[in-house]
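Structure below is entry.cif: mmCIF, C-alpha atoms and all ligand atoms.
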```cif
data_query
loop_
_atom_site.group_PDB
_atom_site.id
_atom_site.type_symbol
_atom_site.label_atom_id
_atom_site.label_comp_id
_atom_site.auth_asym_id
_atom_site.auth_seq_id
_atom_site.Cartn_x
_atom_site.Cartn_y
_atom_site.Cartn_z
ATOM 1 C CA MET A 96 -18.245 -8.629 -8.628
ATOM 2 C CA SER A 97 -15.759 -9.885 -11.198
ATOM 3 C CA ASP A 98 -16.491 -12.586 -13.768
ATOM 4 C CA SER A 99 -14.983 -15.839 -12.467
ATOM 5 C CA SER A 100 -14.268 -16.989 -16.071
ATOM 6 C CA ASP A 101 -11.929 -14.021 -16.651
ATOM 7 C CA PRO A 102 -8.637 -15.522 -17.979
ATOM 8 C CA ARG A 103 -6.641 -13.252 -15.668
ATOM 9 C CA LEU A 104 -7.873 -15.437 -12.829
ATOM 10 C CA THR A 105 -5.990 -18.444 -14.171
ATOM 11 C CA ARG A 106 -2.876 -16.385 -14.901
ATOM 12 C CA ASN A 107 -2.773 -14.719 -11.472
ATOM 13 C CA VAL A 108 -3.266 -17.339 -8.822
ATOM 14 C CA PHE A 109 -1.907 -16.764 -5.307
ATOM 15 C CA ASP A 110 -1.942 -18.715 -2.047
ATOM 16 C CA SER A 111 -3.451 -17.113 1.037
ATOM 17 C CA PRO A 112 -0.849 -15.424 3.273
ATOM 18 C CA THR A 113 0.687 -17.868 5.747
ATOM 19 C CA MET A 114 2.362 -17.078 9.059
ATOM 20 C CA GLY A 115 5.541 -18.895 10.031
ATOM 21 C CA ALA A 116 9.167 -18.202 10.799
ATOM 22 C CA VAL A 117 10.307 -14.590 10.455
ATOM 23 C CA ALA A 118 12.845 -14.270 7.612
ATOM 24 C CA GLU A 119 14.624 -11.543 5.673
ATOM 25 C CA ALA A 120 12.206 -9.752 3.334
ATOM 26 C CA PRO A 121 12.807 -11.139 -0.185
ATOM 27 C CA ASP A 122 14.263 -8.580 -2.548
ATOM 28 C CA SER A 123 15.146 -8.930 -6.215
ATOM 29 C CA PRO A 124 18.823 -9.545 -6.969
ATOM 30 C CA ALA A 125 18.489 -8.119 -10.518
ATOM 31 C CA ALA A 126 21.220 -5.693 -11.559
ATOM 32 C CA HIS A 127 18.814 -3.503 -13.574
ATOM 33 C CA SER A 128 16.747 -1.221 -11.316
ATOM 34 C CA VAL A 129 13.615 -1.586 -13.453
ATOM 35 C CA GLU A 130 13.976 -5.364 -13.359
ATOM 36 C CA ARG A 131 14.056 -5.142 -9.558
ATOM 37 C CA LEU A 132 10.781 -3.224 -9.637
ATOM 38 C CA LEU A 133 9.181 -5.728 -12.015
ATOM 39 C CA ASP A 134 10.430 -8.836 -10.211
ATOM 40 C CA ALA A 135 7.154 -10.234 -8.813
ATOM 41 C CA ARG A 136 8.344 -13.719 -7.905
ATOM 42 C CA HIS A 137 7.670 -13.150 -4.209
ATOM 43 C CA GLY A 138 4.588 -12.103 -2.315
ATOM 44 C CA LEU A 139 0.990 -11.573 -3.332
ATOM 45 C CA ILE A 140 1.322 -8.651 -5.686
ATOM 46 C CA GLN A 141 1.376 -8.574 -9.477
ATOM 47 C CA ILE A 142 3.935 -6.842 -11.699
ATOM 48 C CA ALA A 143 1.345 -4.277 -12.811
ATOM 49 C CA GLU A 144 0.490 -3.459 -9.194
ATOM 50 C CA ARG A 145 4.154 -3.001 -8.276
ATOM 51 C CA GLY A 146 4.611 -0.590 -11.173
ATOM 52 C CA PHE A 147 1.364 1.192 -10.325
ATOM 53 C CA LEU A 148 2.390 1.862 -6.700
ATOM 54 C CA TYR A 149 5.820 3.072 -7.757
ATOM 55 C CA GLY A 150 4.251 5.308 -10.416
ATOM 56 C CA ILE A 151 1.813 6.898 -7.947
ATOM 57 C CA LEU A 152 4.614 7.648 -5.485
ATOM 58 C CA SER A 153 6.803 9.013 -8.282
ATOM 59 C CA ALA A 154 4.007 11.341 -9.448
ATOM 60 C CA MET A 155 3.624 12.907 -6.014
ATOM 61 C CA PRO A 156 5.072 16.411 -5.767
ATOM 62 C CA GLN A 157 6.070 16.336 -2.101
ATOM 63 C CA LYS A 158 9.787 16.742 -1.564
ATOM 64 C CA PHE A 159 9.581 14.424 1.448
ATOM 65 C CA ILE A 160 7.208 11.475 1.384
ATOM 66 C CA ARG A 161 6.371 9.930 4.746
ATOM 67 C CA ALA A 162 4.730 6.619 3.908
ATOM 68 C CA VAL A 163 2.914 3.964 5.934
ATOM 69 C CA GLU A 164 2.252 0.373 4.944
ATOM 70 C CA ILE A 165 -0.678 -1.246 6.762
ATOM 71 C CA GLY A 166 -0.124 -5.012 6.482
ATOM 72 C CA THR A 167 3.448 -5.812 5.544
ATOM 73 C CA TRP A 168 3.579 -9.633 5.883
ATOM 74 C CA THR A 169 6.857 -10.834 4.293
ATOM 75 C CA GLY A 170 7.949 -7.364 3.191
ATOM 76 C CA THR A 171 7.530 -7.726 -0.565
ATOM 77 C CA THR A 172 5.679 -4.466 -1.129
ATOM 78 C CA MET A 173 7.832 -2.804 1.549
ATOM 79 C CA HIS A 174 10.748 -3.084 -0.915
ATOM 80 C CA VAL A 175 8.692 -1.405 -3.661
ATOM 81 C CA LEU A 176 7.514 1.438 -1.429
ATOM 82 C CA ARG A 177 10.843 2.121 0.283
ATOM 83 C CA ARG A 178 12.557 2.885 -3.023
ATOM 84 C CA ALA A 179 10.048 5.625 -3.828
ATOM 85 C CA CYS A 180 9.576 7.352 -0.439
ATOM 86 C CA ASP A 181 11.725 9.053 2.187
ATOM 87 C CA GLU A 182 10.377 7.664 5.458
ATOM 88 C CA LEU A 183 8.514 4.371 5.731
ATOM 89 C CA TYR A 184 6.628 2.805 8.657
ATOM 90 C CA CYS A 185 5.244 -0.711 8.253
ATOM 91 C CA ILE A 186 2.603 -1.892 10.717
ATOM 92 C CA ASP A 187 1.471 -5.490 11.164
ATOM 93 C CA PRO A 188 0.514 -7.557 14.237
ATOM 94 C CA GLU A 189 2.520 -10.490 12.896
ATOM 95 C CA PRO A 190 5.207 -9.212 10.523
ATOM 96 C CA GLN A 191 7.112 -11.974 8.772
ATOM 97 C CA TRP A 192 10.349 -10.005 8.325
ATOM 98 C CA PRO A 193 12.747 -8.556 10.936
ATOM 99 C CA GLU A 194 13.635 -4.873 11.096
ATOM 100 C CA ASN A 195 17.032 -4.420 9.482
ATOM 101 C CA PRO A 196 18.917 -1.104 9.761
ATOM 102 C CA SER A 197 20.371 -1.579 6.275
ATOM 103 C CA THR A 198 16.923 -1.585 4.632
ATOM 104 C CA LEU A 199 16.735 2.048 3.534
ATOM 105 C CA THR A 200 14.343 4.442 1.849
ATOM 106 C CA ARG A 201 15.374 6.606 -1.108
ATOM 107 C CA ALA A 202 16.432 9.320 1.393
ATOM 108 C CA GLY A 203 18.634 6.833 3.234
ATOM 109 C CA ASN A 204 16.394 6.429 6.314
ATOM 110 C CA PRO A 205 15.988 2.926 7.791
ATOM 111 C CA VAL A 206 12.527 1.420 7.287
ATOM 112 C CA HIS A 207 10.658 1.161 10.601
ATOM 113 C CA LEU A 208 8.602 -1.897 11.507
ATOM 114 C CA LEU A 209 5.869 -1.609 14.119
ATOM 115 C CA LYS A 210 4.299 -4.736 15.552
ATOM 116 C CA GLY A 211 0.727 -3.657 16.087
ATOM 117 C CA TYR A 212 -2.748 -3.282 14.694
ATOM 118 C CA SER A 213 -4.219 -0.670 12.410
ATOM 119 C CA PRO A 214 -6.077 1.495 13.130
ATOM 120 C CA ARG A 215 -5.504 1.154 16.900
ATOM 121 C CA ASP A 216 -1.730 1.630 16.806
ATOM 122 C CA LEU A 217 -1.536 4.234 14.031
ATOM 123 C CA GLU A 218 -1.302 6.811 16.826
ATOM 124 C CA ARG A 219 2.181 5.426 17.584
ATOM 125 C CA LEU A 220 3.407 6.667 14.193
ATOM 126 C CA PRO A 221 4.369 10.255 13.408
ATOM 127 C CA ALA A 222 1.574 11.948 11.436
ATOM 128 C CA PRO A 223 0.681 13.435 9.053
ATOM 129 C CA PHE A 224 1.219 10.760 6.441
ATOM 130 C CA THR A 225 1.940 11.677 2.834
ATOM 131 C CA PHE A 226 1.179 8.217 1.458
ATOM 132 C CA VAL A 227 -0.493 5.100 2.870
ATOM 133 C CA PHE A 228 -0.712 1.625 1.375
ATOM 134 C CA VAL A 229 -3.636 -0.277 2.935
ATOM 135 C CA ASP A 230 -3.148 -4.053 2.717
ATOM 136 C CA GLY A 231 -3.953 -5.273 6.243
ATOM 137 C CA ASP A 232 -7.356 -6.370 7.530
ATOM 138 C CA HIS A 233 -9.274 -7.159 4.311
ATOM 139 C CA SER A 234 -12.694 -7.432 5.961
ATOM 140 C CA GLU A 235 -15.361 -4.822 5.183
ATOM 141 C CA GLN A 236 -15.192 -3.504 8.754
ATOM 142 C CA GLY A 237 -11.389 -3.542 8.716
ATOM 143 C CA VAL A 238 -11.144 -1.437 5.554
ATOM 144 C CA TYR A 239 -13.919 0.847 6.799
ATOM 145 C CA ARG A 240 -12.120 1.397 10.125
ATOM 146 C CA ASP A 241 -8.752 2.064 8.440
ATOM 147 C CA THR A 242 -10.280 4.568 6.032
ATOM 148 C CA ILE A 243 -12.168 6.489 8.724
ATOM 149 C CA ALA A 244 -9.069 6.556 10.960
ATOM 150 C CA LEU A 245 -6.834 7.835 8.161
ATOM 151 C CA GLU A 246 -8.943 10.916 7.354
ATOM 152 C CA PRO A 247 -7.406 13.210 10.026
ATOM 153 C CA LEU A 248 -3.954 11.639 9.704
ATOM 154 C CA MET A 249 -3.337 12.443 6.021
ATOM 155 C CA GLU A 250 -1.229 15.354 4.872
ATOM 156 C CA ARG A 251 -2.880 17.772 2.485
ATOM 157 C CA GLY A 252 -2.161 16.457 -1.008
ATOM 158 C CA GLY A 253 -1.647 12.961 0.373
ATOM 159 C CA VAL A 254 -2.620 9.682 -1.277
ATOM 160 C CA ILE A 255 -4.007 6.381 0.021
ATOM 161 C CA CYS A 256 -3.742 3.212 -2.084
ATOM 162 C CA TYR A 257 -5.871 0.160 -1.265
ATOM 163 C CA HIS A 258 -4.689 -3.234 -2.381
ATOM 164 C CA ASP A 259 -7.294 -5.825 -3.344
ATOM 165 C CA ALA A 260 -9.908 -3.317 -4.426
ATOM 166 C CA ASN A 261 -11.521 -6.174 -6.382
ATOM 167 C CA HIS A 262 -12.114 -8.180 -3.196
ATOM 168 C CA PRO A 263 -15.815 -7.465 -2.485
ATOM 169 C CA PRO A 264 -15.434 -6.757 1.283
ATOM 170 C CA VAL A 265 -12.578 -4.323 0.570
ATOM 171 C CA GLU A 266 -14.702 -2.577 -2.038
ATOM 172 C CA ARG A 267 -17.704 -2.286 0.298
ATOM 173 C CA GLY A 268 -15.665 -0.996 3.237
ATOM 174 C CA LEU A 269 -13.866 1.585 1.122
ATOM 175 C CA LEU A 270 -16.987 2.875 -0.670
ATOM 176 C CA ALA A 271 -18.900 3.203 2.619
ATOM 177 C CA ALA A 272 -16.097 4.992 4.474
ATOM 178 C CA SER A 273 -15.117 7.347 1.658
ATOM 179 C CA LYS A 274 -18.725 8.592 1.523
ATOM 180 C CA GLU A 275 -18.365 9.617 5.169
ATOM 181 C CA TRP A 276 -15.150 11.600 4.705
ATOM 182 C CA LYS A 277 -15.631 15.316 5.316
ATOM 183 C CA ARG A 278 -12.294 16.349 3.822
ATOM 184 C CA PRO A 279 -12.318 16.989 0.071
ATOM 185 C CA HIS A 280 -11.013 13.945 -1.758
ATOM 186 C CA HIS A 281 -11.399 11.912 -4.911
ATOM 187 C CA LEU A 282 -11.802 8.170 -5.017
ATOM 188 C CA PHE A 283 -10.387 6.404 -8.080
ATOM 189 C CA HIS A 284 -11.984 3.039 -7.555
ATOM 190 C CA ARG A 285 -10.062 0.155 -9.187
ATOM 191 C CA ALA A 286 -7.598 2.651 -10.671
ATOM 192 C CA CYS A 287 -5.416 -0.412 -11.247
ATOM 193 C CA ASP A 288 -7.939 -3.049 -12.316
ATOM 194 C CA THR A 289 -5.918 -6.219 -11.819
ATOM 195 C CA LEU A 290 -7.487 -9.502 -10.681
ATOM 196 C CA SER A 291 -6.054 -12.312 -8.595
ATOM 197 C CA GLN A 292 -7.498 -15.673 -7.615
ATOM 198 C CA THR A 293 -6.813 -17.086 -4.140
ATOM 199 C CA PRO A 294 -8.356 -19.894 -2.051
ATOM 200 C CA ASP A 295 -10.241 -17.102 -0.237
ATOM 201 C CA GLY A 296 -11.803 -15.658 -3.398
ATOM 202 C CA ILE A 297 -11.060 -12.863 -5.815
ATOM 203 C CA PHE A 298 -8.495 -10.279 -4.830
ATOM 204 C CA GLY A 299 -6.182 -7.888 -6.681
ATOM 205 C CA GLY A 300 -6.649 -4.358 -7.954
ATOM 206 C CA ILE A 301 -5.748 -1.027 -6.381
ATOM 207 C CA SER A 302 -8.096 1.856 -5.523
ATOM 208 C CA VAL A 303 -6.741 5.323 -4.810
ATOM 209 C CA ILE A 304 -7.920 8.208 -2.637
ATOM 210 C CA THR A 305 -6.323 11.578 -3.324
ATOM 211 C CA VAL A 306 -6.672 14.005 -0.417
ATOM 212 C CA GLU A 307 -7.288 17.770 -0.817
ATOM 213 C CA SER A 308 -5.157 18.960 -3.696
ATOM 214 C CA ASP A 309 -2.620 21.642 -2.833
ATOM 215 C CA PRO A 310 -2.594 24.022 -5.835
ATOM 216 C CA ASN A 311 0.896 25.261 -5.005
ATOM 217 C CA GLN A 312 2.363 21.803 -5.308
ATOM 218 C CA ASP A 313 0.019 20.026 -7.696
ATOM 219 C CA LYS A 314 0.018 22.613 -10.482
ATOM 220 C CA GLU A 315 3.444 21.666 -11.722
ATOM 221 C CA PRO A 316 5.155 19.048 -9.561
ATOM 222 C CA TRP A 317 8.459 19.220 -11.429
ATOM 223 C CA ARG A 318 8.774 22.975 -10.788
ATOM 224 C CA PHE A 319 7.959 22.453 -7.122
ATOM 225 C CA LEU A 320 10.616 19.763 -6.788
ATOM 226 C CA ASN A 321 13.229 21.776 -8.740
ATOM 227 C CA PRO A 322 12.620 25.436 -7.918
HETATM 228 C C1 LIG B 1 -1.999 -9.627 2.340
HETATM 229 S S1 LIG B 1 -0.867 -9.537 3.653
HETATM 230 C C2 LIG B 1 0.118 -8.116 3.265
HETATM 231 C C3 LIG B 1 0.989 -8.333 2.066
HETATM 232 C C4 LIG B 1 2.065 -7.308 1.848
HETATM 233 N N1 LIG B 1 1.574 -5.946 1.803
HETATM 234 C C5 LIG B 1 2.750 -7.602 0.528
HETATM 235 O O1 LIG B 1 2.115 -7.433 -0.516
HETATM 236 O O2 LIG B 1 3.903 -8.018 0.563
HETATM 237 C C6 LIG B 1 -1.878 -8.954 4.956
HETATM 238 C C7 LIG B 1 -1.143 -8.678 6.258
HETATM 239 O O3 LIG B 1 -1.970 -7.826 7.040
HETATM 240 C C8 LIG B 1 -1.768 -8.116 8.384
HETATM 241 N N2 LIG B 1 -2.890 -7.566 9.149
HETATM 242 C C9 LIG B 1 -4.091 -8.132 9.433
HETATM 243 N N3 LIG B 1 -4.833 -7.292 10.177
HETATM 244 C C10 LIG B 1 -4.102 -6.166 10.354
HETATM 245 C C11 LIG B 1 -4.308 -4.939 11.039
HETATM 246 N N4 LIG B 1 -5.451 -4.685 11.713
HETATM 247 N N5 LIG B 1 -3.331 -4.011 11.023
HETATM 248 C C12 LIG B 1 -2.182 -4.231 10.355
HETATM 249 N N6 LIG B 1 -1.918 -5.375 9.692
HETATM 250 C C13 LIG B 1 -2.871 -6.332 9.688
HETATM 251 C C14 LIG B 1 -1.615 -9.615 8.442
HETATM 252 O O4 LIG B 1 -0.894 -9.991 9.607
HETATM 253 C C15 LIG B 1 -0.833 -9.886 7.143
HETATM 254 O O5 LIG B 1 0.554 -9.960 7.405
#
```
Show how you would write the structure in this file as structure tokens.
Amino acid sequence: MSDSSDPRLTRNVFDSPTMGAVAEAPDSPAAHSVERLLDARHGLIQIAERGFLYGILSAMPQKFIRAVEIGTWTGTTMHVLRRACDELYCIDPEPQWPENPSTLTRAGNPVHLLKGYSPRDLERLPAPFTFVFVDGDHSEQGVYRDTIALEPLMERGGVICYHDANHPPVERGLLAASKEWKRPHHLFHRACDTLSQTPDGIFGGISVITVESDPNQDKEPWRFLNP
């Protein structure tokens, strides 16, 4: 459990997510591409977390990254992920942004929005997944269920990132489920050790699961991408 006197908790204060009218997902208007990545005025995610997610996706050697976002809300992190993957599916029972055919991934594919629940409706998405961002049901059982369900759905060499790793129920659910995984994996708990304060307690941080390294791809990603 994090120290509640940590000064990051007064610098990084967020409201709880609210549900209301569906509106276009807010995107940065900055001309500089790095400024667009670092523009954290919208949503519930810090600058460091935006850069961390983009960095993880950029370090992946797969030529084609099929990504899934569990819990998309107003679409803030969707805009971060879409710029660093080739196919993106966002799943949420109550998404706050409308699907828009001009919202594209780096490969030029429209981002798909699925109104539904994880893990129940993950079967409606094309597997295997190369990358998953888990930011949906933040209860211990919710994170546990997502993690168990993702085990058979991940591509070899895939990666799962969990937002709010510093929220105690998220931490408990992830640690319990990852112990039950049979596939080889590594858990980098709180790999991004950010902290956020909300009316519902302490959130923030990102944990990472890397799934079964593929020596052909992971040895030298740049060579694999540019043979
Ligand atoms: C913290 S918000 C997501 C924020 C978003 N990723 C961002 O940073 O812009 C959590 C979202 O998860 C959704 N959610 C809750 N339970 C879910 C579930 N079982 N499957 C998918 N999404 C879920 C909620 O509707 C809410 O929109």
(message) Using only C-alpha atoms, can you tell me which of A:Gly231, A:Pro190, A:Gly252, A:Gly211 comes closest to Pro279 of chain A?
(response)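 Among the listed residues, A:Gly252 lies closest to Pro279 of chain A.
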(request) Given the file shown, enumerate the residues that the PyMOL selection byres (((chain A and resi 152-164) around 8) and not hetatm) captures and present them as a ChimeraX atom specification. (result) /A:148-151,165-167,173,176,179-186,223-230,312-313,316-317,319-320
(request) List the neighbours of segment 262-270 of chain A out to 8 Å using all atoms listed in the file; skip same-chain residues closer than 5 positions along the sequence, and give me the result as an NGL selection string. (result) :A and (96 or 233-239 or 242 or 296-299)
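The nearest approach to ligand LIG 1 (chain B) among the residues A:Gly253, A:Pro205, A:Pro221, A:Pro188, with all atoms listed in the file taken into account, belongs to A:Pro188.
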(request) Go through A:Arg278, A:Arg131, A:Arg215, A:Arg106 and flag the residue nearest ligand LIG 1 (chain B), using only C-alpha atoms and all ligand atoms for the distances. (result)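 Comparing A:Arg278, A:Arg131, A:Arg215, A:Arg106 against ligand LIG 1 (chain B), the winner is A:Arg215.
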Box time for ligand LIG 1 (chain B): axis-aligned, enclosing all its listed atoms, 3 Å extra on each side; report centre and edge lengths in Å to one decimal, as lines of an AutoDock Vina configuration file.
```
center_x = -0.8
center_y = -7.0
center_z = 5.6
size_x = 15.4
size_y = 12.0
size_z = 18.2
```
(message) Just checking: using only C-alpha atoms and all ligand atoms, which residue out of A:Asp309, A:Glu189, A:Asp101, A:Asp122 ends up closest to ligand LIG 1 (chain B)?
(response)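 Residue with the minimum atom-to-atom distance to ligand LIG 1 (chain B): A:Glu189.
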(message) Just the number, please: distance in Å from atom C12 of ligand LIG 1 (chain B) to atom CA of Gln292 of chain A, one decimal.
(response) 22.0 Å
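Using only C-alpha atoms and all ligand atoms, the nearest neighbour of ligand LIG 1 (chain B) within the list A:Asp232, A:Asp134, A:Asp110, A:Glu119 is A:Asp232.
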(request) Go through A:Thr293, A:Ser111, A:Ser100, A:Thr105 one by one, measure the shortest atom-to-atom distance of each to ligand LIG 1 (chain B) using only C-alpha atoms and all ligand atoms, and give the residue with the smallest value. (result) A:Ser111
Quick check on the file I pasted: which residues fall under the PyMOL selection byres (((chain A and resi 288) around 12) and not hetatm)? Write them as a PDB file with C-alpha atoms, keeping the file's coordinate frame.
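Written output follows (expr_18.pdb):
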```pdb
ATOM      1  CA  SER A  97     -15.759  -9.885 -11.198  1.00  0.00           C
ATOM      2  CA  ARG A 103      -6.641 -13.252 -15.668  1.00  0.00           C
ATOM      3  CA  GLN A 141       1.376  -8.574  -9.477  1.00  0.00           C
ATOM      4  CA  ALA A 143       1.345  -4.277 -12.811  1.00  0.00           C
ATOM      5  CA  GLU A 144       0.490  -3.459  -9.194  1.00  0.00           C
ATOM      6  CA  PHE A 147       1.364   1.192 -10.325  1.00  0.00           C
ATOM      7  CA  TYR A 257      -5.871   0.160  -1.265  1.00  0.00           C
ATOM      8  CA  HIS A 258      -4.689  -3.234  -2.381  1.00  0.00           C
ATOM      9  CA  ASP A 259      -7.294  -5.825  -3.344  1.00  0.00           C
ATOM     10  CA  ALA A 260      -9.908  -3.317  -4.426  1.00  0.00           C
ATOM     11  CA  ASN A 261     -11.521  -6.174  -6.382  1.00  0.00           C
ATOM     12  CA  HIS A 262     -12.114  -8.180  -3.196  1.00  0.00           C
ATOM     13  CA  PHE A 283     -10.387   6.404  -8.080  1.00  0.00           C
ATOM     14  CA  HIS A 284     -11.984   3.039  -7.555  1.00  0.00           C
ATOM     15  CA  ARG A 285     -10.062   0.155  -9.187  1.00  0.00           C
ATOM     16  CA  ALA A 286      -7.598   2.651 -10.671  1.00  0.00           C
ATOM     17  CA  CYS A 287      -5.416  -0.412 -11.247  1.00  0.00           C
ATOM     18  CA  THR A 289      -5.918  -6.219 -11.819  1.00  0.00           C
ATOM     19  CA  LEU A 290      -7.487  -9.502 -10.681  1.00  0.00           C
ATOM     20  CA  SER A 291      -6.054 -12.312  -8.595  1.00  0.00           C
ATOM     21  CA  PHE A 298      -8.495 -10.279  -4.830  1.00  0.00           C
ATOM     22  CA  GLY A 299      -6.182  -7.888  -6.681  1.00  0.00           C
ATOM     23  CA  GLY A 300      -6.649  -4.358  -7.954  1.00  0.00           C
ATOM     24  CA  ILE A 301      -5.748  -1.027  -6.381  1.00  0.00           C
ATOM     25  CA  SER A 302      -8.096   1.856  -5.523  1.00  0.00           C
ATOM     26  CA  VAL A 303      -6.741   5.323  -4.810  1.00  0.00           C
TER      27      VAL A 303
END
```
(request) Mind giving me the straight-line distance from atom CA of Arg240 of chain A to atom CA of Glu194 of chain A in Å, one decimal? (result)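 Atom CA of Glu194 of chain A lies at a distance of 26.5 Å from atom CA of Arg240 of chain A.
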(message) One number please: atom CA of Trp168 of chain A to atom CA of Trp192 of chain A, in Å, one decimal.
(response)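 About the pair atom CA of Trp168 of chain A and atom CA of Trp192 of chain A: they are 7.2 Å apart.
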(request) Anything within 9 Å of (8.0, -17.0, 9.5): list those residues as a ChimeraX atom specification, counting only C-alpha atoms and sticking to the file's coordinates. (result) /A:113-118,169,190-192
